[in-house]
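Undergrad: Got a structure here, written out as structure tokens. Questions coming.
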Amino acid sequence: MAYIFGPVSSRRLGNSLGIDPVPLKTCNFSCVYCQLGRTRRPVCTRGELIRTDAIVTEIRDVVPRYGPHDVDWVTFVGSGETTLHSGLRCLLEAVRSSTDLPVAVITNGSLLYRSDVRRDLLLSDAVLPSLDAGTDVTYRRINRPHPSFPFKRHVEGLIEFRHVFDGKLWLEVMLVNGVNDTTPELTAIAAAIARIEPDEVHLTLPTRPPVEAWVEPPCDDGLARATLILGSVARLISPQETTVTPHAEGDIIDAVHTIISRHPLREVELVRILARWVPGHVAETLSILGESGRVSVVERMDTRFWCAVESDFADQEPNEA
């Protein structure tokens, strides 16, 4: 499958069938914690980044195969910023006509100031935008947005969307050690959250390979501060091991590449997944993967992660897995 992947276990959405409407890596941010690598060329305008009809065809073929016993959510989650695809409304309509499963959209939230984006997202059951800062300085340090996306408009877009959206608005705050886990920063984030009025606030930690090697989860003191200052409106989303259900058809190398292009895997996770997919052939499959030219290994937080070779990590090890 070219655009649909999983189902993959999600920290916030249970068993999630993913739909990716943008090429790797199409974004207007270059977040320091991004697991997909750096944004080489920021994309700031909406467009048909992948042919809408091609994605719709795959949706109508694949999505009806899954029911509530297989999948908890159908989730639009891009190899970059999901809402940059101008055909998102059409894609959401295709899912709606193909299943009764709830539909979620994961986004950085930067385009919610646009009325067309807000209208598109009204077709979803849940929208999961990000807010990693309460000040412009920290926003630019963590999210590294294109200059045409200022912090003030980011927050105002979230507020405007809350006013028109009756579904679940779940705000994500990624905590980064020494950056947004201080008392002043957390207090500023709390003030912004109070204005946005989301249904839930999810505190997450950079447990996937952050693009910048210096990025680490908060220490115990930072987590304690976050719990104290945001605890009345937020909850910590604990890391979990990834499980992936493979499609019945297709090459195993293609299947792994499809997953790690959107969701890099710890080496121990990949080994465990392959033990279920190709029992007795794990070492052989890892060797083939390493020689395929399609994967790279990046080390973060003393852990080896398998990523797509297209992901831009300055210190990655292409073809040396």
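Convention: chains lettered A, B, ... in structure tokens order; per-chain residue numbering from 1; ligands numbered from 1 as shown.
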Can you build me a table of stretch 92-195 of chain A residues sitting at most 8 Å from stretch 217-231 of chain A, with the closest atom pair per residue and its distance in Å to one decimal, using only C-alpha atoms, sorted by chain and residue number, as a Markdown table?

TA:
| residue | atom | partner | partner_atom | distance |
| --- | --- | --- | --- | --- |
| A:Leu175 | CA | A:Pro217 | CA | 6.5 |
| A:Val176 | CA | A:Pro217 | CA | 5.3 |
| A:Asn177 | CA | A:Pro218 | CA | 4.0 |
| A:Gly178 | CA | A:Pro218 | CA | 7.1 |
| A:Asp181 | CA | A:Gly222 | CA | 5.2 |
| A:Thr182 | CA | A:Gly222 | CA | 6.8 |
| A:Thr183 | CA | A:Arg225 | CA | 6.7 |
| A:Leu186 | CA | A:Ala226 | CA | 6.5 |
| A:Thr187 | CA | A:Ile229 | CA | 6.6 |
| A:Ala190 | CA | A:Leu230 | CA | 6.2 |

Undergrad: Save the residues we just selected, N, CA and C atoms, as a JSON list (two decimals), in the first residue's frame?

TA:
[["chain", "number", "residue", "atom", "x", "y", "z"],
["A", 175, "LEU", "N", 7.19, 17.60, 25.61],
["A", 175, "LEU", "CA", 8.10, 18.17, 26.61],
["A", 175, "LEU", "C", 9.55, 17.86, 26.26],
["A", 176, "VAL", "N", 10.37, 18.91, 26.21],
["A", 176, "VAL", "CA", 11.78, 18.76, 25.87],
["A", 176, "VAL", "C", 12.62, 19.28, 27.03],
["A", 177, "ASN", "N", 13.53, 18.47, 27.47],
["A", 177, "ASN", "CA", 14.36, 18.80, 28.64],
["A", 177, "ASN", "C", 15.09, 20.13, 28.46],
["A", 178, "GLY", "N", 14.91, 21.03, 29.45],
["A", 178, "GLY", "CA", 15.61, 22.29, 29.46],
["A", 178, "GLY", "C", 15.09, 23.35, 28.53],
["A", 181, "ASP", "N", 10.19, 22.84, 29.80],
["A", 181, "ASP", "CA", 9.80, 22.19, 31.05],
["A", 181, "ASP", "C", 10.16, 23.03, 32.27],
["A", 182, "THR", "N", 10.46, 24.31, 32.05],
["A", 182, "THR", "CA", 10.73, 25.22, 33.17],
["A", 182, "THR", "C", 9.43, 25.82, 33.69],
["A", 183, "THR", "N", 9.47, 26.38, 34.88],
["A", 183, "THR", "CA", 8.25, 26.97, 35.45],
["A", 183, "THR", "C", 7.70, 28.10, 34.58],
["A", 186, "LEU", "N", 6.15, 26.50, 31.31],
["A", 186, "LEU", "CA", 4.94, 25.72, 31.59],
["A", 186, "LEU", "C", 3.78, 26.63, 31.99],
["A", 187, "THR", "N", 4.06, 27.69, 32.71],
["A", 187, "THR", "CA", 3.02, 28.64, 33.09],
["A", 187, "THR", "C", 2.45, 29.33, 31.85],
["A", 190, "ALA", "N", 0.27, 26.88, 30.03],
["A", 190, "ALA", "CA", -1.01, 26.75, 30.74],
["A", 190, "ALA", "C", -1.95, 27.90, 30.41]]

Undergrad: Among the residues of stretch 192-269 of chain A, find those DSSP assigns to strand (DSSP E or B) from the backbone and print them as a ChimeraX atom specification.

TA: /A:200-204,234-236,244,265-266

Undergrad: Tell me which of A:Leu121, A:Leu91, A:Ile196, A:Val179 sits closest to A:Gly167, counting only C-alpha atoms.

TA: A:Leu121

Undergrad: Could you give me, as a PyMOL selection string, each residue of stretch 109-239 of chain A that DSSP assigns to alpha helix (DSSP H) when run on this structure's backbone?

TA: chain A and resi 115-121+136-142+151-164+183-196+220-230

Undergrad: Quote the spacing between atom CA of A:Val74 and atom CA of A:Asp312 in Å to one decimal place.

TA: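 Between atom CA of A:Val74 and atom CA of A:Asp312 the gap is 27.6 Å.
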
Undergrad: Env of A:Asn15: 12 Å cut, atoms = only C-alpha atoms, seq-sep filter 4 positions within chain, self excluded. Answer as a PyMOL selection string.

TA: chain A and resi 5-11+66-75+101-102+242-245

Undergrad: Write out the residues from the selection above, keeping N, CA and C atoms, as a PDB file, in the first residue's frame.

TA:
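Okay, selection_18.pdb is ready:
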ATOM      1  N   PHE A   5      -1.168   2.631   5.958  1.00  0.00           N
ATOM      2  CA  PHE A   5      -0.209   1.783   6.653  1.00  0.00           C
ATOM      3  C   PHE A   5      -0.790   1.332   7.988  1.00  0.00           C
ATOM      4  N   GLY A   6      -0.234   0.237   8.497  1.00  0.00           N
ATOM      5  CA  GLY A   6      -0.703  -0.305   9.761  1.00  0.00           C
ATOM      6  C   GLY A   6      -1.676  -1.456   9.563  1.00  0.00           C
ATOM      7  N   PRO A   7      -2.537  -1.640  10.561  1.00  0.00           N
ATOM      8  CA  PRO A   7      -2.703  -0.865  11.799  1.00  0.00           C
ATOM      9  C   PRO A   7      -1.456  -0.875  12.693  1.00  0.00           C
ATOM     10  N   VAL A   8      -1.257   0.270  13.345  1.00  0.00           N
ATOM     11  CA  VAL A   8      -0.130   0.483  14.250  1.00  0.00           C
ATOM     12  C   VAL A   8      -0.671   0.870  15.616  1.00  0.00           C
ATOM     13  N   SER A   9      -0.063   0.329  16.666  1.00  0.00           N
ATOM     14  CA  SER A   9      -0.473   0.715  18.006  1.00  0.00           C
ATOM     15  C   SER A   9      -0.073   2.161  18.273  1.00  0.00           C
ATOM     16  N   SER A  10      -1.002   2.944  18.794  1.00  0.00           N
ATOM     17  CA  SER A  10      -0.776   4.360  19.051  1.00  0.00           C
ATOM     18  C   SER A  10      -0.921   4.637  20.529  1.00  0.00           C
ATOM     19  N   ARG A  11      -0.079   5.537  21.037  1.00  0.00           N
ATOM     20  CA  ARG A  11      -0.152   5.882  22.460  1.00  0.00           C
ATOM     21  C   ARG A  11      -1.488   6.534  22.801  1.00  0.00           C
ATOM     22  N   TYR A  66     -11.480  -3.312   7.357  1.00  0.00           N
ATOM     23  CA  TYR A  66     -11.262  -3.263   8.805  1.00  0.00           C
ATOM     24  C   TYR A  66     -12.534  -2.845   9.532  1.00  0.00           C
ATOM     25  N   GLY A  67     -12.761  -3.523  10.650  1.00  0.00           N
ATOM     26  CA  GLY A  67     -13.897  -3.189  11.491  1.00  0.00           C
ATOM     27  C   GLY A  67     -13.453  -2.844  12.901  1.00  0.00           C
ATOM     28  N   PRO A  68     -14.425  -2.633  13.804  1.00  0.00           N
ATOM     29  CA  PRO A  68     -14.079  -2.222  15.174  1.00  0.00           C
ATOM     30  C   PRO A  68     -13.292  -3.258  15.957  1.00  0.00           C
ATOM     31  N   HIS A  69     -13.268  -4.514  15.507  1.00  0.00           N
ATOM     32  CA  HIS A  69     -12.462  -5.519  16.202  1.00  0.00           C
ATOM     33  C   HIS A  69     -10.996  -5.454  15.773  1.00  0.00           C
ATOM     34  N   ASP A  70     -10.743  -4.767  14.647  1.00  0.00           N
ATOM     35  CA  ASP A  70      -9.383  -4.672  14.127  1.00  0.00           C
ATOM     36  C   ASP A  70      -8.742  -3.320  14.411  1.00  0.00           C
ATOM     37  N   VAL A  71      -9.551  -2.267  14.357  1.00  0.00           N
ATOM     38  CA  VAL A  71      -9.046  -0.906  14.375  1.00  0.00           C
ATOM     39  C   VAL A  71      -9.901  -0.043  15.290  1.00  0.00           C
ATOM     40  N   ASP A  72      -9.250   0.829  16.065  1.00  0.00           N
ATOM     41  CA  ASP A  72      -9.979   1.773  16.914  1.00  0.00           C
ATOM     42  C   ASP A  72     -10.243   3.093  16.190  1.00  0.00           C
ATOM     43  N   TRP A  73      -9.260   3.547  15.395  1.00  0.00           N
ATOM     44  CA  TRP A  73      -9.380   4.822  14.685  1.00  0.00           C
ATOM     45  C   TRP A  73      -8.764   4.687  13.301  1.00  0.00           C
ATOM     46  N   VAL A  74      -9.357   5.384  12.346  1.00  0.00           N
ATOM     47  CA  VAL A  74      -8.692   5.661  11.075  1.00  0.00           C
ATOM     48  C   VAL A  74      -8.068   7.044  11.234  1.00  0.00           C
ATOM     49  N   THR A  75      -6.756   7.127  11.031  1.00  0.00           N
ATOM     50  CA  THR A  75      -6.030   8.333  11.408  1.00  0.00           C
ATOM     51  C   THR A  75      -5.254   8.923  10.236  1.00  0.00           C
ATOM     52  N   LEU A 101     -16.011   3.593  11.349  1.00  0.00           N
ATOM     53  CA  LEU A 101     -14.979   3.804  12.352  1.00  0.00           C
ATOM     54  C   LEU A 101     -14.734   5.301  12.543  1.00  0.00           C
ATOM     55  N   PRO A 102     -14.388   5.728  13.762  1.00  0.00           N
ATOM     56  CA  PRO A 102     -14.095   7.149  13.983  1.00  0.00           C
ATOM     57  C   PRO A 102     -12.817   7.571  13.272  1.00  0.00           C
ATOM     58  N   THR A 242       5.671  -0.639  20.179  1.00  0.00           N
ATOM     59  CA  THR A 242       4.914  -0.589  18.934  1.00  0.00           C
ATOM     60  C   THR A 242       4.563  -1.991  18.469  1.00  0.00           C
ATOM     61  N   THR A 243       3.319  -2.172  18.057  1.00  0.00           N
ATOM     62  CA  THR A 243       2.911  -3.384  17.365  1.00  0.00           C
ATOM     63  C   THR A 243       2.333  -2.979  16.025  1.00  0.00           C
ATOM     64  N   VAL A 244       2.586  -3.803  15.022  1.00  0.00           N
ATOM     65  CA  VAL A 244       2.138  -3.509  13.667  1.00  0.00           C
ATOM     66  C   VAL A 244       1.492  -4.755  13.093  1.00  0.00           C
ATOM     67  N   THR A 245       0.321  -4.580  12.493  1.00  0.00           N
ATOM     68  CA  THR A 245      -0.347  -5.670  11.793  1.00  0.00           C
ATOM     69  C   THR A 245      -0.062  -5.536  10.308  1.00  0.00           C
TER      70      THR A 245
END

Undergrad: Just how far from atom CA of A:Val43 is atom CA of A:Val201, in Å to one decimal?

TA: 27.5 Å

Undergrad: Got a sec: who's within 7 Å of stretch 262-269 of chain A, counting only C-alpha atoms, leaving out chain neighbours fewer than 5 positions off, as a list in words?

TA: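 Neighbouring residues, sequence-local ones excluded: Gln35, Leu36, Ser79, Arg208, Thr242, Arg304, Phe305, Trp306 and Cys307 of chain A.
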
Undergrad: Selection from above, C-alpha atoms, as a PDB file, in the first residue's frame, can you write it?

TA:
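This went into part10.pdb:
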ATOM      1  CA  GLN A  35      11.140  11.554  14.245  1.00  0.00           C
ATOM      2  CA  LEU A  36      11.044  12.038  10.456  1.00  0.00           C
ATOM      3  CA  SER A  79       4.994  12.451   6.651  1.00  0.00           C
ATOM      4  CA  ARG A 208      11.234   8.243  18.986  1.00  0.00           C
ATOM      5  CA  THR A 242       4.914  -0.589  18.934  1.00  0.00           C
ATOM      6  CA  ARG A 304      19.373   2.307  17.708  1.00  0.00           C
ATOM      7  CA  PHE A 305      16.400   3.270  15.548  1.00  0.00           C
ATOM      8  CA  TRP A 306      15.627   2.041  12.042  1.00  0.00           C
ATOM      9  CA  CYS A 307      14.422   4.857   9.778  1.00  0.00           C
TER      10      CYS A 307
END

Undergrad: Find the residues near stretch 145-152 of chain A: any atom within 7 Å, counting only C-alpha atoms, skip ones fewer than 2 places away on the same chain, and give them as a PyMOL selection string.

TA: chain A and resi 28-30+42+110+136+139-140+143+154-156

Undergrad: Which neighbours of A:Asp199 fall inside 8 Å, counting only C-alpha atoms, when residues of the same chain fewer than 2 positions from it are skipped, and could you give them as a list in words?

TA: Lys168, Leu169, Trp170, Leu171, Glu197 and Val201 of chain A

Undergrad: Within 9 Å of A:Ser238, counting only C-alpha atoms, which residues show up once you throw out same-chain ones fewer than 5 positions away? Write them as a PDB file with C-alpha atoms, in the first residue's frame, please.

TA:
ATOM      1  CA  ARG A  11      -0.152   5.882  22.460  1.00  0.00           C
ATOM      2  CA  LEU A 203       1.843  15.492  27.577  1.00  0.00           C
ATOM      3  CA  THR A 204       4.219  13.437  25.450  1.00  0.00           C
ATOM      4  CA  LEU A 205       7.941  12.759  25.535  1.00  0.00           C
TER       5      LEU A 205
END

Undergrad: Looking at only C-alpha atoms, which of A:Arg118, A:Arg12, A:Arg276, A:His85 is the one that sits closest to A:Asp166?

TA: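 Nearest candidate to A:Asp166 out of A:Arg118, A:Arg12, A:Arg276, A:His85: A:Arg118.
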
Undergrad: Report, in Å with one decimal, the straight-line distance from atom CA of A:Asn108 to atom CA of A:Thr45.

TA: 14.5 Å

Undergrad: Go through A:Val278, A:Asp302, A:Val271, A:Trp214 and flag the residue nearest A:Val32, using only C-alpha atoms for the distances.

TA: A:Trp214
